[in-house]
Each structure stands twice: as structure tokens, then as C-alpha cells.
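First comes the structure, then the notes that go with it.
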Amino acid sequence: MKAAILKSLGTPLAVETLPDPAPGAGEVAVDVHATRVLAYTNEVFSGARNYLLELPIVPGAGGVGRVRAVGPDATQLAVGDWVFCDPTVRARDDAVNPDIVLQGLTAAGPRALPLQRYFRHGSFAEQMLAPMENVSRIGAIEAADAGRWCVLGMYLVPYGGLLAVDLRAGETVVVNGATGGFGSAGVAVALAMGAGCVVATGRNEAALADLARRFDKRLRVAAMSGDEDADRQRIMETAAGPIDCVLDLLPPMATPAQVRAAVLAVRPGGRVVLMGGVGMAGGGDLALPYAWMMRNNITVRGQWLCPRDAVPRMIGLVRSGLLDPGQFDIAEFDLAHVNDAVAHAAAYAGPFQTTVLRP
């Protein structure tokens, strides 16, 4: 099979021939029809993100394809099935505290390196090997639509956060950092889950106006100024009622004050889920008032990615028409132009834009 290989940090990907994967027990080989190129892929390949990965590696986090072969213990997956491959691979030898890798991207810690070495190669290839539990059937689709189904990867991140914060139909949720790729997807997912009101925050007023154009009156936008107190007041006024929960998806360059502006706006008994990157690029960490959290029964939790059962549930939201991947502008590249795809993904990383590689 042909595959794009990262041999050393700071060098372009090389397209070479590798052996076809042969699945064993608990494994699936998939013909990759489309895979999303993350906006920050160039930062991973340059070493700027300091991800834990051992080279050489075929990168690529998840994708859409057809089952080529299954291990002997498969009971439902069959050759030819259209599937979504979830890159979040969990070790099987500790159900309570499993080590995790993002296949084709990074290990969550040194203890996860043996898992990464086995499932090291991702989806920038004509074929990939995946754990059986990471492969979900999506039903019949046209091959030309495979790239559009890659958008599931954008939706699944905020969906994991909204499940973690237990968003309920009719509630008011603030999506903090709604003008980024994952934030704008979070707005769409929250509305699809039945939120009564979604307050979208951001500093890019053009992007906020575009969000307002795309969605119904349940969406309200709040332009942020960078002044913590003023921004909190604006969020509360925009919500025009109690705020039940906050989904924070602010990027690494944002400040703790931008997080607090939304967090401290929740009602007594409110819930907050942190999924962004604040503090990862240096600068101060998040500080929340102990007494306020205690007296107001505030729940704050972190969430990295999504649980396994989120994938088929997300497929159901798309199949039902509650989520429309057709909102995304998709640029597609073939494997021979994989380095162009990486550059394009970095340059076009705004709301409802994604770059897809078609191996």
C-alpha cells in the first residue's frame, strides 16, 4: 500500500510503499477513503507541539473507509462495510485507568508508548489497521461523500464535552471560543442536542455574524473585548436568563481571564467543562474562587475527547438530520499532494472549514 511517512520532525512527508496490514484478533483492516487533516498538523510535524510520538510514523487521526478484512472474533463488522475510525485508542489491560493514544498522532504519556508502537500508523495511507472497538459502521454512503463524513471528527470533540457536562434539552449553554473550528462545531452540536439557547462567544465579529446567519434564533452571539468583567456581563445579558453550563474550547493563546469570564457567569448549580488549551502555550493557569464554587455548588470538570459510545450516537444525530455535515466547506487532496494538504489545513482553519486527504 502507499502511505505518507513522517521520518523526522521538520521534514516533509514522504509517500512510500509499506506492507498491507493483516488484522488479528480484535483488529480490523480498513481501506481509507478519506481522512481529515487537522489544522495544527504542521505544528505537530515541526515539533512545535512537542507531541509524544516515535518516528517513523504514518500520521493521520481517524478517517472514513470500507472494511477490507476483520479478525476472527468479529461478530457484526463485515468486509465492505462503510465505517468511521475513531483515533482514540485505549489500552485493554486496565478498564478503570486505561492508557490512551491518538493513533497516528500522539501518546498521552510514556506508559502508553507500547500501545502507540503497535497501533502507530494512522490514516494517511491507502489502508490502516485499527482496534475493532474503534471502528463504527455508518451505513451505506456514496464514495464521493466519504470526505464529508470525516466531519464527524470535528463534531465528536465538543460532543464529548457536552455529554460530560450532561447538557439537557431546553438548557442554556455558553460555547466559549465559538469562532474556532471545534467551537463552531460545538455550537452546531449543542443545538442538535436540543439546547434551548446557545451563547456563542468570540472576538472575531465576522465569524460570530456567520454563526448567527447559519443557525436559528436559539443561537445568540456575544462579542468579547478582553475585559473579564465586561465580557462576563455581556455573556449574562446575551443569555437573558440563567446559564446552565459552559463548554470552554478556547485555544492555547487565550488567557485564563477569557475562561473565567464565561465560567463565573453560570447559575448556582451550574456545570463547566474544560476542553481547550489555555496554559499549554505558557502564561498563567486558571484560578477560580474557592468560596464562590463551594457556596454555589458549581461543578467543573475536564474532558479529553469523547467516550467510545459517542461515535454511534453522533452517527445517529447525522443520520436523523439533526446535524448537517453539508455546512462544511471541504478541500480535498490526493495522497501525492499530502504536504499541500497539511499547508492548506493550517491556512484555512476557520469555522466550518476542513481539509481532507483522499488516499
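In the C-alpha cells, each chain is lettered A, B, ... as it comes, each chain's residues begin at 1, and ligands are numbered from 1 in order of appearance.
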Note to self: Can you tell me, as a PyMOL selection string, which residues in segment 3-173 of chain A count as helix (DSSP H, G or I) by DSSP?
What the structure shows: chain A and resi 41-46+110-118+132-134+143-149+152-164
Could those residues be written to a file, using N, CA and C atoms, as a compact mmCIF listing (two decimals), in the first residue's frame?
```txt
# COMPACT_ATOMS: atom_id res chain seq x y z
N THR A 41 -1.73 20.26 12.21
CA THR A 41 -0.85 19.17 11.81
C THR A 41 0.58 19.65 11.57
N ASN A 42 0.72 20.80 10.93
CA ASN A 42 2.07 21.33 10.65
C ASN A 42 2.85 21.59 11.94
N GLU A 43 2.14 21.98 13.02
CA GLU A 43 2.80 22.22 14.30
C GLU A 43 3.29 20.91 14.92
N VAL A 44 2.55 19.84 14.70
CA VAL A 44 2.99 18.52 15.18
C VAL A 44 4.22 18.07 14.42
N PHE A 45 4.18 18.21 13.11
CA PHE A 45 5.28 17.72 12.27
C PHE A 45 6.55 18.54 12.46
N SER A 46 6.42 19.80 12.81
CA SER A 46 7.60 20.64 13.03
C SER A 46 8.22 20.41 14.41
N PRO A 110 4.25 8.48 28.61
CA PRO A 110 5.25 7.46 28.32
C PRO A 110 4.74 6.04 28.50
N ARG A 111 3.84 5.82 29.46
CA ARG A 111 3.34 4.48 29.72
C ARG A 111 2.53 3.94 28.54
N ALA A 112 2.03 4.86 27.70
CA ALA A 112 1.21 4.44 26.55
C ALA A 112 2.05 4.12 25.32
N LEU A 113 3.36 4.27 25.39
CA LEU A 113 4.19 4.06 24.20
C LEU A 113 4.10 2.65 23.63
N PRO A 114 4.03 1.57 24.43
CA PRO A 114 3.86 0.25 23.80
C PRO A 114 2.59 0.16 22.96
N LEU A 115 1.52 0.82 23.40
CA LEU A 115 0.28 0.84 22.63
C LEU A 115 0.48 1.62 21.34
N GLN A 116 1.20 2.73 21.43
CA GLN A 116 1.45 3.51 20.22
C GLN A 116 2.33 2.75 19.24
N ARG A 117 3.29 2.00 19.74
CA ARG A 117 4.17 1.26 18.85
C ARG A 117 3.40 0.22 18.05
N TYR A 118 2.36 -0.35 18.65
CA TYR A 118 1.59 -1.38 17.95
C TYR A 118 0.62 -0.74 16.96
N MET A 132 -10.83 -3.20 16.79
CA MET A 132 -12.21 -3.43 16.36
C MET A 132 -13.18 -2.47 17.04
N GLU A 133 -12.93 -2.18 18.31
CA GLU A 133 -13.86 -1.32 19.05
C GLU A 133 -13.78 0.14 18.61
N ASN A 134 -12.79 0.48 17.80
CA ASN A 134 -12.66 1.85 17.31
C ASN A 134 -13.29 2.06 15.94
N ALA A 143 -19.22 6.86 -2.29
CA ALA A 143 -17.79 7.05 -2.09
C ALA A 143 -17.40 8.53 -2.16
N ALA A 144 -18.09 9.28 -2.99
CA ALA A 144 -17.78 10.70 -3.13
C ALA A 144 -18.08 11.48 -1.86
N ASP A 145 -18.93 10.93 -0.98
CA ASP A 145 -19.31 11.62 0.26
C ASP A 145 -18.44 11.25 1.44
N ALA A 146 -17.43 10.43 1.24
CA ALA A 146 -16.60 9.98 2.36
C ALA A 146 -15.93 11.16 3.07
N GLY A 147 -15.47 12.14 2.29
CA GLY A 147 -14.83 13.30 2.90
C GLY A 147 -15.76 14.07 3.81
N ARG A 148 -17.02 14.15 3.42
CA ARG A 148 -17.99 14.87 4.25
C ARG A 148 -18.22 14.15 5.58
N TRP A 149 -18.20 12.82 5.56
CA TRP A 149 -18.38 12.08 6.80
C TRP A 149 -17.19 12.21 7.73
N LEU A 152 -17.37 14.15 11.14
CA LEU A 152 -17.67 13.57 12.45
C LEU A 152 -16.56 13.83 13.45
N GLY A 153 -15.31 13.82 12.98
CA GLY A 153 -14.19 14.07 13.88
C GLY A 153 -14.23 15.45 14.50
N MET A 154 -14.74 16.44 13.76
CA MET A 154 -14.89 17.80 14.31
C MET A 154 -16.01 17.84 15.34
N TYR A 155 -17.10 17.17 15.04
CA TYR A 155 -18.25 17.17 15.95
C TYR A 155 -17.98 16.41 17.24
N LEU A 156 -17.20 15.34 17.16
CA LEU A 156 -17.06 14.44 18.30
C LEU A 156 -16.34 15.09 19.48
N VAL A 157 -15.43 16.01 19.23
CA VAL A 157 -14.71 16.65 20.33
C VAL A 157 -15.67 17.45 21.22
N PRO A 158 -16.41 18.43 20.69
CA PRO A 158 -17.35 19.14 21.55
C PRO A 158 -18.48 18.24 22.06
N TYR A 159 -18.85 17.24 21.28
CA TYR A 159 -19.90 16.32 21.74
C TYR A 159 -19.46 15.61 23.02
N GLY A 160 -18.19 15.21 23.07
CA GLY A 160 -17.67 14.60 24.28
C GLY A 160 -17.80 15.53 25.48
N GLY A 161 -17.55 16.81 25.27
CA GLY A 161 -17.68 17.78 26.36
C GLY A 161 -19.12 17.99 26.79
N LEU A 162 -20.02 18.06 25.83
CA LEU A 162 -21.43 18.28 26.15
C LEU A 162 -22.05 17.06 26.82
N LEU A 163 -21.58 15.87 26.47
CA LEU A 163 -22.02 14.68 27.19
C LEU A 163 -21.47 14.70 28.62
N ALA A 164 -20.22 15.12 28.77
CA ALA A 164 -19.61 15.15 30.10
C ALA A 164 -20.30 16.14 31.03
```
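Residues in contact with segment 294-306 of chain A at 6 Å, where only C-alpha atoms are counted and same-chain residues fewer than 5 positions away are skipped, are listed as Val157, Gly160, Gly161, Pro268, Gly269, Gly270, Arg271, Val272, Val273, Leu274 and Met275 of chain A.
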Check: When distances are computed from only C-alpha atoms, which of A:Val266, A:Leu167, A:Ala3, A:Val175 shows the smallest separation from Val221 of chain A?
Finding: A:Val175
Note to self: Could you pull out the strand (DSSP E or B) residues of segment 200-340 of chain A, going by DSSP on the backbone, and write them as a ChimeraX atom specification?
What the structure shows: /A:200-202,219-223,245-248,271-274,280,282,299-302,329-334
Would you write out those residues with N, CA and C atoms, as a short mmCIF file (atom, residue, chain, number, x, y, z; two decimals), in the first residue's frame?
```cif
data_model
loop_
_atom_site.label_atom_id
_atom_site.label_comp_id
_atom_site.auth_asym_id
_atom_site.auth_seq_id
_atom_site.Cartn_x
_atom_site.Cartn_y
_atom_site.Cartn_z
N ALA A 200 -22.80 32.03 21.91
CA ALA A 200 -21.51 31.82 21.26
C ALA A 200 -20.63 33.03 21.52
N THR A 201 -19.47 32.81 22.14
CA THR A 201 -18.56 33.91 22.41
C THR A 201 -17.36 33.86 21.48
N GLY A 202 -16.76 35.02 21.26
CA GLY A 202 -15.55 35.10 20.43
C GLY A 202 -15.19 36.55 20.20
N LEU A 219 -29.65 30.54 18.81
CA LEU A 219 -28.26 30.97 18.90
C LEU A 219 -28.18 32.48 19.12
N ARG A 220 -27.40 32.87 20.10
CA ARG A 220 -27.13 34.29 20.36
C ARG A 220 -25.63 34.47 20.45
N VAL A 221 -25.13 35.57 19.91
CA VAL A 221 -23.68 35.78 19.86
C VAL A 221 -23.29 36.91 20.81
N ALA A 222 -22.11 36.75 21.41
CA ALA A 222 -21.58 37.75 22.34
C ALA A 222 -20.14 38.03 21.97
N ALA A 223 -19.87 39.21 21.44
CA ALA A 223 -18.50 39.60 21.07
C ALA A 223 -17.72 39.95 22.33
N CYS A 245 -24.78 25.77 31.75
CA CYS A 245 -23.46 25.15 31.61
C CYS A 245 -22.61 25.91 30.61
N VAL A 246 -21.30 25.68 30.72
CA VAL A 246 -20.31 26.31 29.86
C VAL A 246 -19.43 25.22 29.26
N LEU A 247 -19.24 25.28 27.94
CA LEU A 247 -18.28 24.44 27.23
C LEU A 247 -17.15 25.35 26.78
N ASP A 248 -15.96 25.17 27.40
CA ASP A 248 -14.83 26.02 27.05
C ASP A 248 -13.93 25.31 26.06
N ARG A 271 -22.76 23.94 35.59
CA ARG A 271 -21.71 22.98 35.26
C ARG A 271 -20.78 23.57 34.19
N VAL A 272 -19.51 23.24 34.33
CA VAL A 272 -18.49 23.74 33.40
C VAL A 272 -17.63 22.58 32.96
N VAL A 273 -17.33 22.51 31.64
CA VAL A 273 -16.41 21.51 31.13
C VAL A 273 -15.30 22.23 30.37
N LEU A 274 -14.07 21.87 30.67
CA LEU A 274 -12.89 22.49 30.08
C LEU A 274 -12.30 21.55 29.05
N MET A 280 -1.36 25.92 27.87
CA MET A 280 -0.46 24.98 27.20
C MET A 280 0.64 25.68 26.43
N GLY A 282 2.21 28.39 27.65
CA GLY A 282 2.83 29.29 28.61
C GLY A 282 1.79 30.24 29.20
N THR A 299 -20.02 22.72 39.45
CA THR A 299 -19.27 21.55 39.00
C THR A 299 -18.34 21.97 37.86
N VAL A 300 -17.05 21.71 38.03
CA VAL A 300 -16.06 21.97 36.98
C VAL A 300 -15.31 20.68 36.70
N ARG A 301 -15.26 20.28 35.44
CA ARG A 301 -14.53 19.08 35.09
C ARG A 301 -13.80 19.26 33.77
N GLY A 302 -12.74 18.51 33.62
CA GLY A 302 -12.03 18.48 32.35
C GLY A 302 -12.51 17.28 31.54
N ASP A 329 -17.26 23.60 4.38
CA ASP A 329 -16.53 23.74 3.12
C ASP A 329 -15.33 22.80 3.20
N ILE A 330 -15.24 21.87 2.24
CA ILE A 330 -14.22 20.82 2.30
C ILE A 330 -13.29 20.93 1.11
N ALA A 331 -12.00 20.99 1.39
CA ALA A 331 -10.97 20.95 0.34
C ALA A 331 -10.32 19.57 0.38
N GLU A 332 -10.27 18.88 -0.77
CA GLU A 332 -9.76 17.52 -0.82
C GLU A 332 -8.46 17.45 -1.63
N PHE A 333 -7.54 16.60 -1.14
CA PHE A 333 -6.24 16.40 -1.78
C PHE A 333 -5.98 14.90 -1.90
N ASP A 334 -5.26 14.50 -2.94
CA ASP A 334 -4.87 13.09 -3.04
C ASP A 334 -3.57 12.88 -2.29
#
```
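Among the candidates A:Gly196, A:Pro72, A:Gly60, A:Pro289, the one nearest to Ala22 of chain A when counting only C-alpha atoms is A:Pro72.
Of the listed residues A:Pro131, A:Gly104, A:Gly183, A:Gly24, the one whose atoms come nearest to Leu208 of chain A is A:Gly183, with distances taken using only C-alpha atoms.
Between atom CA of Ala192 of chain A and atom CA of Ile141 of chain A the separation is 21.7 Å.
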Next item on the list: Counting only C-alpha atoms, figure out which residue out of A:Pro252, A:Gly226, A:Gly65, A:Gly241 gets nearest to Ala140 of chain A.
Entry: A:Gly65
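A straight line drawn from atom CA of Ala336 of chain A to atom CA of Val356 of chain A is 13.0 Å long.
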Check: What's the 10 Å shell around Asn339 of chain A, counting only C-alpha atoms, without same-chain residues fewer than 5 positions away, as a count of residues only?
Finding: 9
